[in-house]
Amino acid sequence: MPRLSATSRHAVSFVLNGRSTTADAEPRMLLTDFLRHVLGLTGTHVGCEHGVCGACTIHIDGQPARACLTLAVQVDGASVRTIEDLAPEPGRLSVLQAAFRRHHALQCGFCTPGMLMSLDAYLAANPEPDEAELRKYLSGHLCRCTGYVPIVAAALDAAKRLREDTANA
Amino acid sequence: MKPPPFDYVRAATLAEAHAVLATEGTDARIIAGGQTLVPMLSMRLARPRVLIDIMRLPELATIEESAGSIHVGAGVRQAELLAWPDLASRQPLLAAALPWVGHAQTRSRGTVCGSVAHADPSAEIPLVLVALGGSIVLSTRRRQRTVAAEQFFIGSLSTDRRDEELIAAVLFPCAPPEHGYAFREFGRRHGDFAVTACAALVTPERVRLAVGGVADRPVAREWGALAGSALDDALNEFAYDLDARDDLHATARFRRDLVRQLGREVIMEARRCLA
Ligand code: FES
Ligand code: FES
């Protein structure tokens with residue numbers, strides 16, 4: 001049985017933003033630190049480091065999840081998507097990101113990567129979100145700047161545009 | 001805030017998980033979704049020598065209905081149970097309470113049994129388990145035992161689980177015919193732990209109410225039909241017997257008020273759903 005010792009690093013193999021990736025981590029390393037410090041993907045932010053603020057939200061196997069509540073060794077074999085994979089290509093924003101910009105849904109930007117990753121998953125599963133449900137869903141994220149109103153407006157606007165895109169596809 | 005060092009065992013069989021638990025005892029902790037354990041490690045509230053990851057064990061990853069109960073294995077995530085197509089028809093109280101567990105972003109990883117193992121006095125899943133008279137299946141290398149939820153939760157964050165045991169599954173009894181149910185909670189924000197949560201089950205002859213967040217564990221009480229003013233008297237007595245305490249989130253008096261009020265609301269709602 002594989003017992004990974006506390007004092008050494010162990011290979012973690014997983015799919016990161018569509019690419020097979022292997023890097024080393026001690027068992028105690030949080031996925032946030034693994035992404036940021038070992039893999040250099042600093043788009044995932046770290047606020048509270050204990051699951052309260054939502055800044056570190058990423059996708060694990062297609063579901064929104066807190067990177068700070070996950071050990072790097074736990075994602076061995078999983079598929080992870082981070083904010084770096086959200087824009088369709090360099091220099092172009094996703095529909096949701098563009099809506100955030102139009103609606104001024106970010107000020108300092110600290111909460112934004114988590115908000116975007118969560119909403120990206122939510123809109124994919126709920127193309128016609130209702131505002132009350134959306135607000136409940138966003139209760140898993142703290143924003144100290146915007147007061148949430150522009151974030152909700154951006155999400156509803158993005159949902160509408162995504163529906164139009166699908167209708168015209 | 002970083003976890004202290006620990007070894008990590010990715011159990012490939014249940015026997016391996018049992019073997020490590022048997023040799024390491026209190027120095028070992030089971031990790032499933034990690035939504036409670038990882039922050040406890042980060043805050044250094046837990047300092048295990050070894051973590052045993054049980055999420056690769058297919059025998060723990062199942063939801064099954066048999067002998068009138070829903071068996072939820074230790075590897076089943078809260079979001080998976082919520083998405084189980086039969087949930088609302090087999091156990092509507094559980095279906096009503098699950099969306100209140102944490103946030104969608106934590107239910108995606110957190111397991112049903114993990115919440116039971118942690119035994120927070122205000123957590124929804126232990127409350128529903130007590131309300132329904134459910135039970136917990138504990139196993140070691142050699143044997144397995146089933147403990148009623150009301151005996152399993154023995155205090156705040158403490159349970160009847162022995163060091164060498166792991167929670168293999170929890171059993172939620174399916175909804176009997178002819179009964180009404182309701183769930184409500186009061187918290188500061190959606191997704192926070194409840195200040196007080198209430199779950200009611202009623203039949204034409206009986207009323208059962210379980211309350212979380214007030215005593216050091218979820219507590220249930222059962223009465224006859226509770227006609228007329230008997231309901232308020234019963235709730236008042238129950239509220240006092242729960243021995244509420246003052247803390248950062250609410251005073252004891254406010255909690256008693258919540259028991260009286262939410263208790264009445266869920267019982268009335270359960271009666272309407274029975275009618
Ligand atoms: S940093 Fe992960 S939830 Fe705050
Ligand atoms: S934009 Fe500053 S915290 Fe949300």
# chains A, B, ... in the order shown; residues from 1 in each chain; ligands from 1
call {"tool": "interface_residues", "arguments": {"of": "chain B", "to": "chain A", "cutoff": "7 Å", "atoms": "only C-alpha atoms", "output": "list in words"}}
result
Met1, Pro3, Pro4, Pro5, Phe6, Asp7, Tyr8, Val9, Arg10, Ala11, Ala12, Gly34, Gln35, Val38, Pro39, His103, Ala104, Gln105, Thr106, Ser108, Arg109, His190 and Gly191 of chain B
call {"tool": "residues_near_ligand", "arguments": {"ligand": "ligand 2", "cutoff": "9 Å", "atoms": "only C-alpha atoms and all ligand atoms", "output": "ChimeraX atom specification"}}
result
/A:55,105-112,115,141-148,151
call {"tool": "atom_distance", "arguments": {"atom1": "atom CA of Glu80 of chain B", "atom2": "atom CA of Arg189 of chain B"}}
result
23.9 Å
call {"tool": "residues_around", "arguments": {"residues": "Val170 of chain B", "least_positions_apart": "5", "cutoff": "6 Å", "atoms": "only C-alpha atoms", "output": "ChimeraX atom specification"}}
result
/B:71-72,135-137
call {"tool": "decode", "arguments": {"residues": "segment 245-265 of chain B", "atoms": "N, CA, C and O atoms", "output": "PDB file, in the first residue's frame"}}
result
ATOM      1  N   ARG B 245     -26.947  27.513  25.537  1.00  0.00           N
ATOM      2  CA  ARG B 245     -25.922  28.355  26.154  1.00  0.00           C
ATOM      3  C   ARG B 245     -25.721  29.629  25.335  1.00  0.00           C
ATOM      4  O   ARG B 245     -26.103  29.677  24.167  1.00  0.00           O
ATOM      5  N   ASP B 246     -25.115  30.612  25.960  1.00  0.00           N
ATOM      6  CA  ASP B 246     -24.771  31.851  25.247  1.00  0.00           C
ATOM      7  C   ASP B 246     -23.463  31.609  24.514  1.00  0.00           C
ATOM      8  O   ASP B 246     -22.556  31.004  25.071  1.00  0.00           O
ATOM      9  N   ASP B 247     -23.356  32.100  23.316  1.00  0.00           N
ATOM     10  CA  ASP B 247     -22.038  32.127  22.675  1.00  0.00           C
ATOM     11  C   ASP B 247     -21.971  33.327  21.758  1.00  0.00           C
ATOM     12  O   ASP B 247     -22.869  34.175  21.757  1.00  0.00           O
ATOM     13  N   LEU B 248     -20.903  33.386  20.982  1.00  0.00           N
ATOM     14  CA  LEU B 248     -20.666  34.474  20.055  1.00  0.00           C
ATOM     15  C   LEU B 248     -21.844  34.762  19.122  1.00  0.00           C
ATOM     16  O   LEU B 248     -22.088  35.881  18.726  1.00  0.00           O
ATOM     17  N   HIS B 249     -22.560  33.697  18.757  1.00  0.00           N
ATOM     18  CA  HIS B 249     -23.568  33.834  17.709  1.00  0.00           C
ATOM     19  C   HIS B 249     -24.950  34.190  18.233  1.00  0.00           C
ATOM     20  O   HIS B 249     -25.726  34.831  17.545  1.00  0.00           O
ATOM     21  N   ALA B 250     -25.276  33.744  19.432  1.00  0.00           N
ATOM     22  CA  ALA B 250     -26.626  33.981  19.941  1.00  0.00           C
ATOM     23  C   ALA B 250     -26.652  33.738  21.444  1.00  0.00           C
ATOM     24  O   ALA B 250     -25.839  32.981  21.980  1.00  0.00           O
ATOM     25  N   THR B 251     -27.625  34.376  22.103  1.00  0.00           N
ATOM     26  CA  THR B 251     -27.798  34.114  23.534  1.00  0.00           C
ATOM     27  C   THR B 251     -28.644  32.854  23.711  1.00  0.00           C
ATOM     28  O   THR B 251     -29.333  32.417  22.786  1.00  0.00           O
ATOM     29  N   ALA B 252     -28.604  32.312  24.926  1.00  0.00           N
ATOM     30  CA  ALA B 252     -29.403  31.125  25.223  1.00  0.00           C
ATOM     31  C   ALA B 252     -30.889  31.446  25.039  1.00  0.00           C
ATOM     32  O   ALA B 252     -31.666  30.650  24.511  1.00  0.00           O
ATOM     33  N   ARG B 253     -31.253  32.646  25.459  1.00  0.00           N
ATOM     34  CA  ARG B 253     -32.654  33.023  25.376  1.00  0.00           C
ATOM     35  C   ARG B 253     -33.141  33.095  23.930  1.00  0.00           C
ATOM     36  O   ARG B 253     -34.239  32.657  23.593  1.00  0.00           O
ATOM     37  N   PHE B 254     -32.280  33.662  23.071  1.00  0.00           N
ATOM     38  CA  PHE B 254     -32.619  33.751  21.654  1.00  0.00           C
ATOM     39  C   PHE B 254     -32.771  32.342  21.072  1.00  0.00           C
ATOM     40  O   PHE B 254     -33.677  32.060  20.296  1.00  0.00           O
ATOM     41  N   ARG B 255     -31.884  31.448  21.491  1.00  0.00           N
ATOM     42  CA  ARG B 255     -31.978  30.064  20.982  1.00  0.00           C
ATOM     43  C   ARG B 255     -33.283  29.404  21.427  1.00  0.00           C
ATOM     44  O   ARG B 255     -33.920  28.698  20.650  1.00  0.00           O
ATOM     45  N   ARG B 256     -33.674  29.644  22.682  1.00  0.00           N
ATOM     46  CA  ARG B 256     -34.956  29.066  23.135  1.00  0.00           C
ATOM     47  C   ARG B 256     -36.106  29.611  22.302  1.00  0.00           C
ATOM     48  O   ARG B 256     -37.023  28.892  21.915  1.00  0.00           O
ATOM     49  N   ASP B 257     -36.028  30.913  22.022  1.00  0.00           N
ATOM     50  CA  ASP B 257     -37.052  31.534  21.191  1.00  0.00           C
ATOM     51  C   ASP B 257     -37.113  30.884  19.815  1.00  0.00           C
ATOM     52  O   ASP B 257     -38.187  30.658  19.272  1.00  0.00           O
ATOM     53  N   LEU B 258     -35.912  30.617  19.270  1.00  0.00           N
ATOM     54  CA  LEU B 258     -35.862  29.990  17.948  1.00  0.00           C
ATOM     55  C   LEU B 258     -36.460  28.592  17.984  1.00  0.00           C
ATOM     56  O   LEU B 258     -37.138  28.181  17.041  1.00  0.00           O
ATOM     57  N   VAL B 259     -36.220  27.859  19.073  1.00  0.00           N
ATOM     58  CA  VAL B 259     -36.798  26.511  19.169  1.00  0.00           C
ATOM     59  C   VAL B 259     -38.317  26.620  19.171  1.00  0.00           C
ATOM     60  O   VAL B 259     -39.009  25.897  18.447  1.00  0.00           O
ATOM     61  N   ARG B 260     -38.826  27.568  19.974  1.00  0.00           N
ATOM     62  CA  ARG B 260     -40.291  27.721  20.033  1.00  0.00           C
ATOM     63  C   ARG B 260     -40.846  28.121  18.679  1.00  0.00           C
ATOM     64  O   ARG B 260     -41.847  27.576  18.206  1.00  0.00           O
ATOM     65  N   GLN B 261     -40.177  29.074  18.047  1.00  0.00           N
ATOM     66  CA  GLN B 261     -40.733  29.602  16.816  1.00  0.00           C
ATOM     67  C   GLN B 261     -40.524  28.690  15.604  1.00  0.00           C
ATOM     68  O   GLN B 261     -41.477  28.343  14.909  1.00  0.00           O
ATOM     69  N   LEU B 262     -39.242  28.313  15.370  1.00  0.00           N
ATOM     70  CA  LEU B 262     -38.983  27.415  14.232  1.00  0.00           C
ATOM     71  C   LEU B 262     -39.669  26.076  14.454  1.00  0.00           C
ATOM     72  O   LEU B 262     -40.166  25.459  13.514  1.00  0.00           O
ATOM     73  N   GLY B 263     -39.693  25.637  15.713  1.00  0.00           N
ATOM     74  CA  GLY B 263     -40.330  24.358  16.049  1.00  0.00           C
ATOM     75  C   GLY B 263     -41.796  24.379  15.646  1.00  0.00           C
ATOM     76  O   GLY B 263     -42.300  23.470  14.991  1.00  0.00           O
ATOM     77  N   ARG B 264     -42.470  25.464  16.026  1.00  0.00           N
ATOM     78  CA  ARG B 264     -43.883  25.609  15.671  1.00  0.00           C
ATOM     79  C   ARG B 264     -44.044  25.645  14.146  1.00  0.00           C
ATOM     80  O   ARG B 264     -44.900  24.973  13.582  1.00  0.00           O
ATOM     81  N   GLU B 265     -43.171  26.414  13.496  1.00  0.00           N
ATOM     82  CA  GLU B 265     -43.273  26.544  12.033  1.00  0.00           C
ATOM     83  C   GLU B 265     -43.103  25.199  11.325  1.00  0.00           C
ATOM     84  O   GLU B 265     -43.873  24.868  10.427  1.00  0.00           O
TER      85      GLU B 265
END
